[in-house]
Amino acid sequence: MMYRLKTLSLILLFVAGLSFSAQAQKVAVKTNIPYWFTATPNAGLEFALGNKISLELSGGVNPFKFSDTKQLKHWVVWPELRYWTCETFNGHFFGLHGVGGLYSLGGWDLPIDRLAGLKNHWYKGNAIGVGISYGYQWILDDHWGLEFTIGGGYARFDYEIHSLGPNGSKIGENKKNYFGPTKGGLSIVYIF
């Protein structure tokens, strides 16, 4: 009985400590402006874990099909642990981020050699990766900010290749290792 009472007391003390520290945290809500130009609604939440450490979780989803041959459907998430050189939500930061998602895209004639296959094919698959990032956040007033971030790293793509059209048949599959940009944004931030 005494053991249970001590255990219950420790659990209650721990929960009370968590609720007290949660009230002292700053929380930010944000959206990446350029990402909206790809018809991708997106949002992020960032929690201050200390004076110089924060945790961000952002993501976007594009459920739209533009025609029988053009689509850019996807969803993606970016968790990131950030170290701020001044204080959280102010100035320079460095981050370690992950990236993961699913995609179904094709029918786009883009002037980028790496993406030339999108003109005549439809790709369906998933990606997962990690990277490092750098960013800067400008304080605009007590609650508003503007954030720039860029990051690079590694991602693994596993995908199927299909012919274009409403009944596109599978013509192959592939896996690719990618090294390059894995994150970028110019975000409007609201801090609670």
# chains A, B, ... in the order shown; residues from 1 in each chain; ligands from 1
$ select_by_dssp --residues "region 127-185 of chain A" --states "strand (DSSP E)" --output "PyMOL selection string"
chain A and resi 127-139+144-163+170-185
$ residues_around --residues "region 161-178 of chain A" --least-positions-apart "4" --cutoff "7 Å" --atoms "only C-alpha atoms" --output "PyMOL selection string"
chain A and resi 68-69+107+120-124+154-157
$ write_last_selection --atoms "N, CA, C and O atoms" --output "compact mmCIF listing (two decimals), in the first residue's frame"
# COMPACT_ATOMS: atom_id res chain seq x y z
N ASP A 68 -6.52 14.69 -66.45
CA ASP A 68 -6.29 13.23 -66.53
C ASP A 68 -4.81 12.90 -66.64
O ASP A 68 -4.38 11.80 -66.32
N THR A 69 -4.01 13.85 -67.12
CA THR A 69 -2.59 13.58 -67.30
C THR A 69 -1.69 14.38 -66.37
O THR A 69 -0.52 14.07 -66.24
N GLY A 107 2.99 14.15 -65.74
CA GLY A 107 2.37 14.95 -66.78
C GLY A 107 2.86 16.38 -66.85
O GLY A 107 2.25 17.21 -67.50
N ASN A 120 6.26 12.52 -69.60
CA ASN A 120 5.60 11.38 -70.25
C ASN A 120 5.20 10.25 -69.30
O ASN A 120 4.70 9.23 -69.76
N HIS A 121 5.47 10.41 -68.01
CA HIS A 121 5.18 9.34 -67.05
C HIS A 121 4.52 9.88 -65.80
O HIS A 121 4.56 11.07 -65.51
N TRP A 122 3.99 8.95 -65.03
CA TRP A 122 3.36 9.24 -63.75
C TRP A 122 4.11 8.41 -62.72
O TRP A 122 4.33 7.21 -62.91
N TYR A 123 4.56 9.03 -61.62
CA TYR A 123 5.33 8.37 -60.58
C TYR A 123 4.50 8.31 -59.30
O TYR A 123 3.92 9.31 -58.89
N LYS A 124 4.50 7.14 -58.67
CA LYS A 124 3.74 6.95 -57.43
C LYS A 124 4.67 6.25 -56.44
O LYS A 124 5.22 5.18 -56.75
N TYR A 154 19.78 13.90 -47.23
CA TYR A 154 19.60 12.64 -47.96
C TYR A 154 18.14 12.22 -47.90
O TYR A 154 17.47 12.39 -46.89
N ALA A 155 17.66 11.67 -49.02
CA ALA A 155 16.30 11.10 -49.05
C ALA A 155 16.33 9.83 -49.89
O ALA A 155 17.09 9.71 -50.85
N ARG A 156 15.51 8.88 -49.53
CA ARG A 156 15.36 7.61 -50.26
C ARG A 156 13.97 7.60 -50.90
O ARG A 156 12.97 7.78 -50.21
N PHE A 157 13.93 7.43 -52.21
CA PHE A 157 12.68 7.38 -52.96
C PHE A 157 12.44 5.95 -53.46
O PHE A 157 13.31 5.37 -54.10
$ closest_residue --among "A:Asn62, A:Trp78, A:Ala116, A:Glu147" --to "Gly44 (chain A)" --atoms "only C-alpha atoms"
A:Trp78
$ closest_residue --among "A:Pro111, A:Gly145, A:Gly153, A:Gly117" --to "Thr31 (chain A)" --atoms "only C-alpha atoms"
A:Gly145
$ residues_around --residues "Gly98 (chain A)" --least-positions-apart "5" --cutoff "12 Å" --atoms "only C-alpha atoms" --output "PyMOL selection string"
chain A and resi 55-59+76-82+127-133+151-156+182-183
$ write_last_selection --atoms "N, CA and C atoms" --output "PDB file, in the first residue's frame"
ATOM      1  N   LEU A  55      11.175  22.579 -31.076  1.00  0.00           N
ATOM      2  CA  LEU A  55      10.779  21.415 -31.874  1.00  0.00           C
ATOM      3  C   LEU A  55       9.660  21.853 -32.804  1.00  0.00           C
ATOM      4  N   GLU A  56       9.879  21.651 -34.105  1.00  0.00           N
ATOM      5  CA  GLU A  56       8.884  22.027 -35.103  1.00  0.00           C
ATOM      6  C   GLU A  56       8.345  20.780 -35.793  1.00  0.00           C
ATOM      7  N   LEU A  57       7.052  20.804 -36.099  1.00  0.00           N
ATOM      8  CA  LEU A  57       6.430  19.778 -36.937  1.00  0.00           C
ATOM      9  C   LEU A  57       5.596  20.516 -37.969  1.00  0.00           C
ATOM     10  N   SER A  58       6.016  20.422 -39.226  1.00  0.00           N
ATOM     11  CA  SER A  58       5.275  21.080 -40.292  1.00  0.00           C
ATOM     12  C   SER A  58       4.952  20.064 -41.372  1.00  0.00           C
ATOM     13  N   GLY A  59       3.965  20.393 -42.175  1.00  0.00           N
ATOM     14  CA  GLY A  59       3.578  19.485 -43.242  1.00  0.00           C
ATOM     15  C   GLY A  59       2.666  20.154 -44.236  1.00  0.00           C
ATOM     16  N   VAL A  76       3.420  15.526 -47.148  1.00  0.00           N
ATOM     17  CA  VAL A  76       4.784  15.485 -46.633  1.00  0.00           C
ATOM     18  C   VAL A  76       4.805  16.081 -45.229  1.00  0.00           C
ATOM     19  N   VAL A  77       5.687  15.560 -44.380  1.00  0.00           N
ATOM     20  CA  VAL A  77       5.906  16.103 -43.035  1.00  0.00           C
ATOM     21  C   VAL A  77       7.396  16.334 -42.824  1.00  0.00           C
ATOM     22  N   TRP A  78       7.703  17.378 -42.057  1.00  0.00           N
ATOM     23  CA  TRP A  78       9.071  17.720 -41.697  1.00  0.00           C
ATOM     24  C   TRP A  78       9.169  17.934 -40.190  1.00  0.00           C
ATOM     25  N   PRO A  79       9.568  16.958 -39.406  1.00  0.00           N
ATOM     26  CA  PRO A  79       9.882  17.242 -37.997  1.00  0.00           C
ATOM     27  C   PRO A  79      11.291  17.831 -37.925  1.00  0.00           C
ATOM     28  N   GLU A  80      11.504  18.780 -37.019  1.00  0.00           N
ATOM     29  CA  GLU A  80      12.833  19.400 -36.922  1.00  0.00           C
ATOM     30  C   GLU A  80      13.132  19.824 -35.487  1.00  0.00           C
ATOM     31  N   LEU A  81      14.321  19.512 -35.029  1.00  0.00           N
ATOM     32  CA  LEU A  81      14.837  19.988 -33.747  1.00  0.00           C
ATOM     33  C   LEU A  81      15.772  21.146 -34.057  1.00  0.00           C
ATOM     34  N   ARG A  82      15.529  22.299 -33.423  1.00  0.00           N
ATOM     35  CA  ARG A  82      16.286  23.512 -33.736  1.00  0.00           C
ATOM     36  C   ARG A  82      17.085  24.023 -32.540  1.00  0.00           C
ATOM     37  N   ALA A 127       8.836   8.666 -49.913  1.00  0.00           N
ATOM     38  CA  ALA A 127      10.179   9.190 -49.661  1.00  0.00           C
ATOM     39  C   ALA A 127      10.368   9.358 -48.167  1.00  0.00           C
ATOM     40  N   ILE A 128      11.602   9.153 -47.738  1.00  0.00           N
ATOM     41  CA  ILE A 128      11.962   9.371 -46.337  1.00  0.00           C
ATOM     42  C   ILE A 128      13.413   9.831 -46.312  1.00  0.00           C
ATOM     43  N   GLY A 129      13.717  10.794 -45.430  1.00  0.00           N
ATOM     44  CA  GLY A 129      15.079  11.296 -45.403  1.00  0.00           C
ATOM     45  C   GLY A 129      15.390  12.111 -44.160  1.00  0.00           C
ATOM     46  N   VAL A 130      16.646  12.589 -44.108  1.00  0.00           N
ATOM     47  CA  VAL A 130      17.138  13.420 -43.004  1.00  0.00           C
ATOM     48  C   VAL A 130      18.016  14.519 -43.576  1.00  0.00           C
ATOM     49  N   GLY A 131      18.174  15.584 -42.805  1.00  0.00           N
ATOM     50  CA  GLY A 131      19.023  16.669 -43.272  1.00  0.00           C
ATOM     51  C   GLY A 131      19.329  17.667 -42.176  1.00  0.00           C
ATOM     52  N   ILE A 132      20.163  18.630 -42.541  1.00  0.00           N
ATOM     53  CA  ILE A 132      20.483  19.732 -41.641  1.00  0.00           C
ATOM     54  C   ILE A 132      19.971  21.016 -42.283  1.00  0.00           C
ATOM     55  N   SER A 133      19.688  22.000 -41.462  1.00  0.00           N
ATOM     56  CA  SER A 133      19.136  23.231 -41.998  1.00  0.00           C
ATOM     57  C   SER A 133      19.681  24.446 -41.260  1.00  0.00           C
ATOM     58  N   GLY A 151      17.511  23.854 -46.196  1.00  0.00           N
ATOM     59  CA  GLY A 151      18.184  22.666 -45.681  1.00  0.00           C
ATOM     60  C   GLY A 151      18.511  21.678 -46.774  1.00  0.00           C
ATOM     61  N   GLY A 152      19.485  20.854 -46.494  1.00  0.00           N
ATOM     62  CA  GLY A 152      19.893  19.818 -47.435  1.00  0.00           C
ATOM     63  C   GLY A 152      20.203  18.543 -46.699  1.00  0.00           C
ATOM     64  N   GLY A 153      20.184  17.434 -47.440  1.00  0.00           N
ATOM     65  CA  GLY A 153      20.476  16.156 -46.826  1.00  0.00           C
ATOM     66  C   GLY A 153      20.253  15.005 -47.778  1.00  0.00           C
ATOM     67  N   TYR A 154      19.778  13.899 -47.229  1.00  0.00           N
ATOM     68  CA  TYR A 154      19.601  12.642 -47.956  1.00  0.00           C
ATOM     69  C   TYR A 154      18.138  12.223 -47.904  1.00  0.00           C
ATOM     70  N   ALA A 155      17.656  11.673 -49.020  1.00  0.00           N
ATOM     71  CA  ALA A 155      16.301  11.096 -49.054  1.00  0.00           C
ATOM     72  C   ALA A 155      16.330   9.831 -49.889  1.00  0.00           C
ATOM     73  N   ARG A 156      15.507   8.881 -49.533  1.00  0.00           N
ATOM     74  CA  ARG A 156      15.358   7.614 -50.259  1.00  0.00           C
ATOM     75  C   ARG A 156      13.973   7.597 -50.896  1.00  0.00           C
ATOM     76  N   THR A 182      16.471  19.458 -49.157  1.00  0.00           N
ATOM     77  CA  THR A 182      15.395  18.685 -48.535  1.00  0.00           C
ATOM     78  C   THR A 182      14.398  19.573 -47.791  1.00  0.00           C
ATOM     79  N   LYS A 183      14.687  20.868 -47.721  1.00  0.00           N
ATOM     80  CA  LYS A 183      13.783  21.773 -47.007  1.00  0.00           C
ATOM     81  C   LYS A 183      14.045  23.196 -47.462  1.00  0.00           C
TER      82      LYS A 183
END
$ residues_around --residues "Trp108 (chain A)" --least-positions-apart "4" --cutoff "7 Å" --atoms "only C-alpha atoms" --output "number ranges by chain"
A: 70, 118-119
$ write_last_selection --atoms "N, CA and C atoms" --output "PDB file, in the first residue's frame"
ATOM      1  N   LYS A  70      -2.203  15.439 -65.725  1.00  0.00           N
ATOM      2  CA  LYS A  70      -1.377  16.262 -64.841  1.00  0.00           C
ATOM      3  C   LYS A  70      -1.844  16.134 -63.401  1.00  0.00           C
ATOM      4  N   LEU A 118       8.914  13.349 -65.906  1.00  0.00           N
ATOM      5  CA  LEU A 118       7.554  13.736 -65.509  1.00  0.00           C
ATOM      6  C   LEU A 118       6.683  14.117 -66.703  1.00  0.00           C
ATOM      7  N   LYS A 119       7.304  14.451 -67.825  1.00  0.00           N
ATOM      8  CA  LYS A 119       6.526  14.868 -68.999  1.00  0.00           C
ATOM      9  C   LYS A 119       5.695  13.713 -69.560  1.00  0.00           C
TER      10      LYS A 119
END
$ residues_around --residues "Pro34 (chain A)" --least-positions-apart "5" --cutoff "10 Å" --atoms "only C-alpha atoms" --output "list of chain:residue names"
A:Ala39, A:Thr40, A:Gly184, A:Gly185, A:Leu186, A:Ser187
$ select_by_dssp --residues "region 53-155 of chain A" --states "helix (DSSP H, G or I)" --output "list in words"
Asp113, Arg114, Leu115, Ala116, Gly117, Leu118 and Lys119 of chain A
$ decode --residues "region 51-86 of chain A" --atoms "N, CA, C and O atoms" --output "compact mmCIF listing (two decimals), in the first residue's frame"
# COMPACT_ATOMS: atom_id res chain seq x y z
N ASN A 51 15.33 27.90 -23.64
CA ASN A 51 15.69 29.23 -24.13
C ASN A 51 16.28 29.21 -25.53
O ASN A 51 16.18 30.18 -26.26
N LYS A 52 16.92 28.09 -25.93
CA LYS A 52 17.58 28.03 -27.23
C LYS A 52 17.21 26.80 -28.05
O LYS A 52 17.79 26.57 -29.10
N ILE A 53 16.26 26.01 -27.58
CA ILE A 53 15.88 24.77 -28.28
C ILE A 53 14.39 24.80 -28.58
O ILE A 53 13.58 25.18 -27.74
N SER A 54 14.04 24.37 -29.80
CA SER A 54 12.62 24.25 -30.15
C SER A 54 12.42 23.00 -31.00
O SER A 54 13.36 22.46 -31.57
N LEU A 55 11.18 22.58 -31.08
CA LEU A 55 10.78 21.41 -31.87
C LEU A 55 9.66 21.85 -32.80
O LEU A 55 8.65 22.38 -32.35
N GLU A 56 9.88 21.65 -34.11
CA GLU A 56 8.88 22.03 -35.10
C GLU A 56 8.34 20.78 -35.79
O GLU A 56 9.08 19.83 -36.06
N LEU A 57 7.05 20.80 -36.10
CA LEU A 57 6.43 19.78 -36.94
C LEU A 57 5.60 20.52 -37.97
O LEU A 57 4.64 21.21 -37.63
N SER A 58 6.02 20.42 -39.23
CA SER A 58 5.27 21.08 -40.29
C SER A 58 4.95 20.06 -41.37
O SER A 58 5.58 19.01 -41.47
N GLY A 59 3.97 20.39 -42.18
CA GLY A 59 3.58 19.48 -43.24
C GLY A 59 2.67 20.15 -44.24
O GLY A 59 2.18 21.26 -44.02
N GLY A 60 2.46 19.47 -45.34
CA GLY A 60 1.59 19.97 -46.39
C GLY A 60 0.92 18.82 -47.11
O GLY A 60 1.42 17.70 -47.10
N VAL A 61 -0.20 19.13 -47.73
CA VAL A 61 -0.92 18.11 -48.49
C VAL A 61 -1.50 18.76 -49.75
O VAL A 61 -2.02 19.86 -49.71
N ASN A 62 -1.33 18.08 -50.88
CA ASN A 62 -1.92 18.52 -52.14
C ASN A 62 -2.78 17.37 -52.66
O ASN A 62 -2.27 16.41 -53.21
N PRO A 63 -4.10 17.46 -52.49
CA PRO A 63 -5.00 16.38 -52.92
C PRO A 63 -5.55 16.58 -54.33
O PRO A 63 -6.39 15.82 -54.78
N PHE A 64 -5.05 17.60 -55.04
CA PHE A 64 -5.66 18.00 -56.30
C PHE A 64 -5.11 17.27 -57.52
O PHE A 64 -3.91 17.04 -57.64
N LYS A 65 -6.02 16.95 -58.44
CA LYS A 65 -5.67 16.39 -59.74
C LYS A 65 -6.01 17.48 -60.75
O LYS A 65 -7.16 17.92 -60.82
N PHE A 66 -5.04 17.94 -61.53
CA PHE A 66 -5.25 19.07 -62.43
C PHE A 66 -5.90 18.67 -63.75
O PHE A 66 -6.55 19.47 -64.38
N SER A 67 -5.67 17.43 -64.19
CA SER A 67 -6.31 16.88 -65.40
C SER A 67 -6.09 15.37 -65.39
O SER A 67 -5.50 14.83 -64.46
N ASP A 68 -6.52 14.69 -66.45
CA ASP A 68 -6.29 13.23 -66.53
C ASP A 68 -4.81 12.90 -66.64
O ASP A 68 -4.38 11.80 -66.32
N THR A 69 -4.01 13.85 -67.12
CA THR A 69 -2.59 13.58 -67.30
C THR A 69 -1.69 14.38 -66.37
O THR A 69 -0.52 14.07 -66.24
N LYS A 70 -2.20 15.44 -65.73
CA LYS A 70 -1.38 16.26 -64.84
C LYS A 70 -1.84 16.13 -63.40
O LYS A 70 -3.01 16.39 -63.10
N GLN A 71 -0.90 15.73 -62.55
CA GLN A 71 -1.20 15.72 -61.12
C GLN A 71 0.07 15.96 -60.31
O GLN A 71 1.17 15.69 -60.77
N LEU A 72 -0.15 16.48 -59.12
CA LEU A 72 0.94 16.79 -58.19
C LEU A 72 0.49 16.41 -56.78
O LEU A 72 0.74 17.09 -55.81
N LYS A 73 -0.23 15.29 -56.68
CA LYS A 73 -0.77 14.85 -55.39
C LYS A 73 0.38 14.41 -54.49
O LYS A 73 1.27 13.68 -54.92
N HIS A 74 0.31 14.84 -53.23
CA HIS A 74 1.32 14.41 -52.26
C HIS A 74 0.93 14.87 -50.85
O HIS A 74 0.07 15.73 -50.69
N TRP A 75 1.56 14.26 -49.89
CA TRP A 75 1.57 14.79 -48.53
C TRP A 75 2.99 14.60 -48.01
O TRP A 75 3.70 13.67 -48.40
N VAL A 76 3.42 15.53 -47.15
CA VAL A 76 4.78 15.48 -46.63
C VAL A 76 4.80 16.08 -45.23
O VAL A 76 4.02 16.97 -44.92
N VAL A 77 5.69 15.56 -44.38
CA VAL A 77 5.91 16.10 -43.03
C VAL A 77 7.40 16.33 -42.82
O VAL A 77 8.23 15.60 -43.37
N TRP A 78 7.70 17.38 -42.06
CA TRP A 78 9.07 17.72 -41.70
C TRP A 78 9.17 17.93 -40.19
O TRP A 78 8.90 19.03 -39.71
N PRO A 79 9.57 16.96 -39.41
CA PRO A 79 9.88 17.24 -38.00
C PRO A 79 11.29 17.83 -37.92
O PRO A 79 12.16 17.45 -38.71
N GLU A 80 11.50 18.78 -37.02
CA GLU A 80 12.83 19.40 -36.92
C GLU A 80 13.13 19.82 -35.49
O GLU A 80 12.29 20.44 -34.82
N LEU A 81 14.32 19.51 -35.03
CA LEU A 81 14.84 19.99 -33.75
C LEU A 81 15.77 21.15 -34.06
O LEU A 81 16.69 21.00 -34.87
N ARG A 82 15.53 22.30 -33.42
CA ARG A 82 16.29 23.51 -33.74
C ARG A 82 17.09 24.02 -32.54
O ARG A 82 16.61 24.00 -31.41
N TYR A 83 18.28 24.55 -32.85
CA TYR A 83 19.10 25.25 -31.87
C TYR A 83 19.19 26.71 -32.31
O TYR A 83 19.63 27.01 -33.41
N TRP A 84 18.75 27.61 -31.44
CA TRP A 84 18.74 29.04 -31.73
C TRP A 84 19.98 29.68 -31.12
O TRP A 84 20.30 29.43 -29.95
N THR A 85 20.69 30.54 -31.87
CA THR A 85 21.92 31.14 -31.35
C THR A 85 21.65 32.27 -30.36
O THR A 85 22.49 32.55 -29.51
N CYS A 86 20.47 32.92 -30.45
CA CYS A 86 20.13 34.01 -29.54
C CYS A 86 19.11 33.52 -28.51
O CYS A 86 19.45 33.30 -27.35
